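Structure data follow from protein31.cif (mmCIF, C-alpha atoms, pLDDT in the B column; chains and numbers go by the auth columns):
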data_query
loop_
_atom_site.group_PDB
_atom_site.id
_atom_site.type_symbol
_atom_site.label_atom_id
_atom_site.label_comp_id
_atom_site.label_asym_id
_atom_site.label_seq_id
_atom_site.Cartn_x
_atom_site.Cartn_y
_atom_site.Cartn_z
_atom_site.B_iso_or_equiv
_atom_site.auth_seq_id
_atom_site.auth_asym_id
ATOM 1 C CA MET A 1 27.083 -53.875 28.998 60.00 24 A
ATOM 2 C CA GLU A 2 28.773 -50.569 28.358 71.00 25 A
ATOM 3 C CA PHE A 3 28.572 -48.839 24.978 71.00 26 A
ATOM 4 C CA PRO A 4 31.810 -48.267 23.106 83.00 27 A
ATOM 5 C CA ILE A 5 33.213 -44.742 23.282 83.00 28 A
ATOM 6 C CA TYR A 6 32.481 -44.016 19.597 83.00 29 A
ATOM 7 C CA MET A 7 28.754 -44.714 20.175 85.00 30 A
ATOM 8 C CA LYS A 8 28.690 -42.348 23.163 86.00 31 A
ATOM 9 C CA LEU A 9 30.547 -39.732 21.175 89.00 32 A
ATOM 10 C CA SER A 10 28.226 -40.194 18.214 90.00 33 A
ATOM 11 C CA HIS A 11 25.190 -39.772 20.482 89.00 34 A
ATOM 12 C CA LEU A 12 26.624 -36.579 21.997 91.00 35 A
ATOM 13 C CA ILE A 13 27.396 -35.161 18.552 94.00 36 A
ATOM 14 C CA LEU A 14 23.852 -35.885 17.321 93.00 37 A
ATOM 15 C CA GLN A 15 22.405 -34.297 20.454 93.00 38 A
ATOM 16 C CA ALA A 16 24.526 -31.172 19.929 93.00 39 A
ATOM 17 C CA ILE A 17 23.480 -30.978 16.274 93.00 40 A
ATOM 18 C CA ASN A 18 19.794 -31.260 17.201 92.00 41 A
ATOM 19 C CA GLU A 19 20.127 -28.480 19.788 92.00 42 A
ATOM 20 C CA PHE A 20 21.937 -26.323 17.231 92.00 43 A
ATOM 21 C CA GLU A 21 19.183 -26.912 14.644 92.00 44 A
ATOM 22 C CA VAL A 22 16.478 -25.861 17.107 89.00 45 A
ATOM 23 C CA SER A 23 18.439 -22.779 18.124 89.00 46 A
ATOM 24 C CA LEU A 24 19.108 -21.832 14.498 91.00 47 A
ATOM 25 C CA ALA A 25 15.461 -22.337 13.531 89.00 48 A
ATOM 26 C CA ASP A 26 14.343 -20.097 16.413 86.00 49 A
ATOM 27 C CA LYS A 27 16.750 -17.361 15.336 88.00 50 A
ATOM 28 C CA ILE A 28 15.590 -17.565 11.720 88.00 51 A
ATOM 29 C CA VAL A 29 11.930 -17.310 12.728 84.00 52 A
ATOM 30 C CA ASP A 30 12.695 -14.317 14.958 81.00 53 A
ATOM 31 C CA GLN A 31 14.545 -12.569 12.132 83.00 54 A
ATOM 32 C CA LEU A 32 11.712 -13.250 9.677 81.00 55 A
ATOM 33 C CA PHE A 33 9.165 -11.751 12.062 74.00 56 A
ATOM 34 C CA GLU A 34 11.359 -8.683 12.503 73.00 57 A
ATOM 35 C CA ARG A 35 11.637 -8.244 8.734 72.00 58 A
ATOM 36 C CA LEU A 36 7.876 -8.575 8.337 70.00 59 A
ATOM 37 C CA LYS A 37 7.341 -5.886 10.963 63.00 60 A
ATOM 38 C CA GLN A 38 9.698 -3.569 9.099 60.00 61 A
ATOM 39 C CA GLU A 39 8.193 -4.157 5.654 62.00 62 A
ATOM 40 C CA ASP A 40 5.319 -1.945 4.590 56.00 63 A
ATOM 41 C CA LEU A 41 3.012 -4.557 3.072 54.00 64 A
ATOM 42 C CA THR A 42 -0.181 -2.639 3.685 53.00 65 A
ATOM 43 C CA GLN A 43 -1.145 0.882 2.901 50.00 66 A
ATOM 44 C CA GLY A 44 -3.716 1.974 5.432 60.00 67 A
ATOM 45 C CA ASP A 45 -6.311 -0.752 5.499 71.00 68 A
ATOM 46 C CA GLU A 46 -5.529 -1.986 1.998 82.00 69 A
ATOM 47 C CA LYS A 47 -4.823 -5.697 1.894 88.00 70 A
ATOM 48 C CA LEU A 48 -2.550 -7.642 -0.381 90.00 71 A
ATOM 49 C CA LEU A 49 -4.596 -9.705 -2.811 92.00 72 A
ATOM 50 C CA THR A 50 -3.985 -13.047 -4.499 93.00 73 A
ATOM 51 C CA ASP A 51 -4.271 -13.412 -8.277 93.00 74 A
ATOM 52 C CA GLU A 52 -7.830 -14.691 -7.987 94.00 75 A
ATOM 53 C CA GLN A 53 -8.925 -11.977 -5.544 94.00 76 A
ATOM 54 C CA LEU A 54 -7.492 -9.270 -7.778 95.00 77 A
ATOM 55 C CA CYS A 55 -9.201 -10.725 -10.860 94.00 78 A
ATOM 56 C CA ASN A 56 -12.522 -10.758 -9.011 95.00 79 A
ATOM 57 C CA CYS A 57 -12.088 -7.096 -8.064 93.00 80 A
ATOM 58 C CA LEU A 58 -11.127 -6.129 -11.613 94.00 81 A
ATOM 59 C CA GLN A 59 -13.822 -8.381 -13.084 94.00 82 A
ATOM 60 C CA ILE A 60 -11.439 -10.061 -15.515 94.00 83 A
ATOM 61 C CA SER A 61 -10.517 -13.692 -16.064 94.00 84 A
ATOM 62 C CA THR A 62 -7.324 -15.068 -14.597 93.00 85 A
ATOM 63 C CA SER A 63 -6.055 -16.015 -18.045 94.00 86 A
ATOM 64 C CA HIS A 64 -6.510 -12.425 -19.260 93.00 87 A
ATOM 65 C CA PHE A 65 -4.779 -11.173 -16.105 93.00 88 A
ATOM 66 C CA TYR A 66 -1.778 -13.488 -16.654 92.00 89 A
ATOM 67 C CA LYS A 67 -1.470 -12.310 -20.262 93.00 90 A
ATOM 68 C CA LEU A 68 -1.493 -8.658 -19.166 90.00 91 A
ATOM 69 C CA LYS A 69 0.948 -9.301 -16.354 90.00 92 A
ATOM 70 C CA ASN A 70 3.370 -11.188 -18.613 91.00 93 A
ATOM 71 C CA LYS A 71 3.194 -8.470 -21.248 89.00 94 A
ATOM 72 C CA HIS A 72 4.155 -5.830 -18.646 88.00 95 A
ATOM 73 C CA LYS A 73 6.513 -7.889 -16.463 84.00 96 A
ATOM 74 C CA SER A 74 9.051 -5.161 -15.840 84.00 97 A
ATOM 75 C CA ASN A 75 6.518 -2.520 -14.696 87.00 98 A
ATOM 76 C CA PHE A 76 3.703 -4.516 -13.130 91.00 99 A
ATOM 77 C CA PRO A 77 3.165 -3.694 -9.410 92.00 100 A
ATOM 78 C CA VAL A 78 3.676 -6.902 -7.462 92.00 101 A
ATOM 79 C CA TYR A 79 4.796 -7.885 -3.962 90.00 102 A
ATOM 80 C CA ASN A 80 6.762 -11.068 -3.477 87.00 103 A
ATOM 81 C CA VAL A 81 5.682 -12.631 -0.218 84.00 104 A
ATOM 82 C CA GLY A 82 7.718 -15.773 0.211 82.00 105 A
ATOM 83 C CA LYS A 83 7.121 -17.763 -2.938 84.00 106 A
ATOM 84 C CA THR A 84 3.775 -16.144 -3.667 88.00 107 A
ATOM 85 C CA LYS A 85 2.804 -12.970 -5.504 90.00 108 A
ATOM 86 C CA ARG A 86 0.427 -10.409 -4.008 93.00 109 A
ATOM 87 C CA TYR A 87 -1.068 -7.189 -5.341 93.00 110 A
ATOM 88 C CA LYS A 88 -2.628 -3.974 -4.073 93.00 111 A
ATOM 89 C CA LEU A 89 -5.777 -3.143 -5.987 94.00 112 A
ATOM 90 C CA SER A 90 -5.087 0.605 -5.951 92.00 113 A
ATOM 91 C CA GLU A 91 -1.592 0.111 -7.424 92.00 114 A
ATOM 92 C CA VAL A 92 -2.821 -2.204 -10.168 93.00 115 A
ATOM 93 C CA GLU A 93 -5.633 0.186 -11.094 92.00 116 A
ATOM 94 C CA ALA A 94 -3.175 3.092 -11.147 92.00 117 A
ATOM 95 C CA PHE A 95 -0.837 1.028 -13.347 91.00 118 A
ATOM 96 C CA PHE A 96 -3.582 0.377 -15.908 87.00 119 A
ATOM 97 C CA LYS A 97 -4.328 4.116 -16.015 89.00 120 A
ATOM 98 C CA SER A 98 -0.646 5.038 -16.300 85.00 121 A
ATOM 99 C CA LYS A 99 1.457 5.820 -19.359 69.00 122 A
ATOM 100 C CA LYS A 100 3.567 2.710 -18.699 67.00 123 A
ATOM 101 C CA TYR A 101 0.530 0.596 -19.531 66.00 124 A
ATOM 102 C CA GLN A 102 -0.858 2.823 -22.261 67.00 125 A
ATOM 103 C CA SER A 103 2.415 2.955 -24.196 58.00 126 A
ATOM 104 C CA LYS A 104 2.643 -0.834 -24.603 58.00 127 A
ATOM 105 C CA ASN A 105 -0.916 -1.304 -25.866 56.00 128 A
#

Show the structure stored in the file as structure tokens.
Amino acid sequence: MEFPIYMKLSHLILQAINEFEVSLADKIVDQLFERLKQEDLTQGDEKLLTDEQLCNCLQISTSHFYKLKNKHKSNFPVYNVGKTKRYKLSEVEAFFKSKKYQSKN
């Protein structure tokens, strides 16, 4: 029994779409890796820290950290990595010593 032409055509279209999706996904991943190579997310050996890691280094609670960060939203040093936030300890310490922080307290 032979399949009707519309079923063959439908199968070919779905196959083409699947190949296109794979090709597009590969290109997107390649571009993302290139962008990550170009971005300067580390300074020397300094790593980007999560909220919890930063709080441990600063020896403050996360709730206190979130209050400080919200109070200084426009000036707070933060890196957006995908949907997450990361911080450099040296930049956060410098921020707390800076006039931008001192003037709002």

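Counting from atom CA of Glu42 of chain A, the distance to atom CA of Pro27 of chain A is 23.2 Å.
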
Can you measure atom CA of Ser84 of chain A to atom CA of Ser121 of chain A for me? One decimal in Å is fine. 21.2 Å

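Using the PyMOL selection byres ((chain A and resi 109) around 8) on this structure selects A:Leu71, A:Leu72, A:Thr73, A:Asp74, A:Val101, A:Tyr102, A:Asn103, A:Val104, A:Thr107, A:Lys108, A:Tyr110, A:Lys111.
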
I want to know what sits within 12 Å of Thr85 of chain A, based on all atoms listed in the file, with residues of the same chain fewer than 5 positions away left out; could you give that as a PyMOL selection string? chain A and resi 73-80+90-92

Can you tell me how far atom CA of Glu114 of chain A sits from atom CA of Phe99 of chain A, in Å to one decimal? 9.1 Å

Centre, x/y/z edge lengths, axis-aligned box for segment 98-106 of chain A with 5 Å per side, as lines of an AutoDock Vina configuration file:
center_x = 5.4
center_y = -10.1
center_z = -7.2
size_x = 14.6
size_y = 25.2
size_z = 24.9

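Distances here use all atoms listed in the file; by that measure, the residue among A:Phe118, A:Glu25, A:Asp49, A:Ile83 closest to Ser97 of chain A is A:Phe118.
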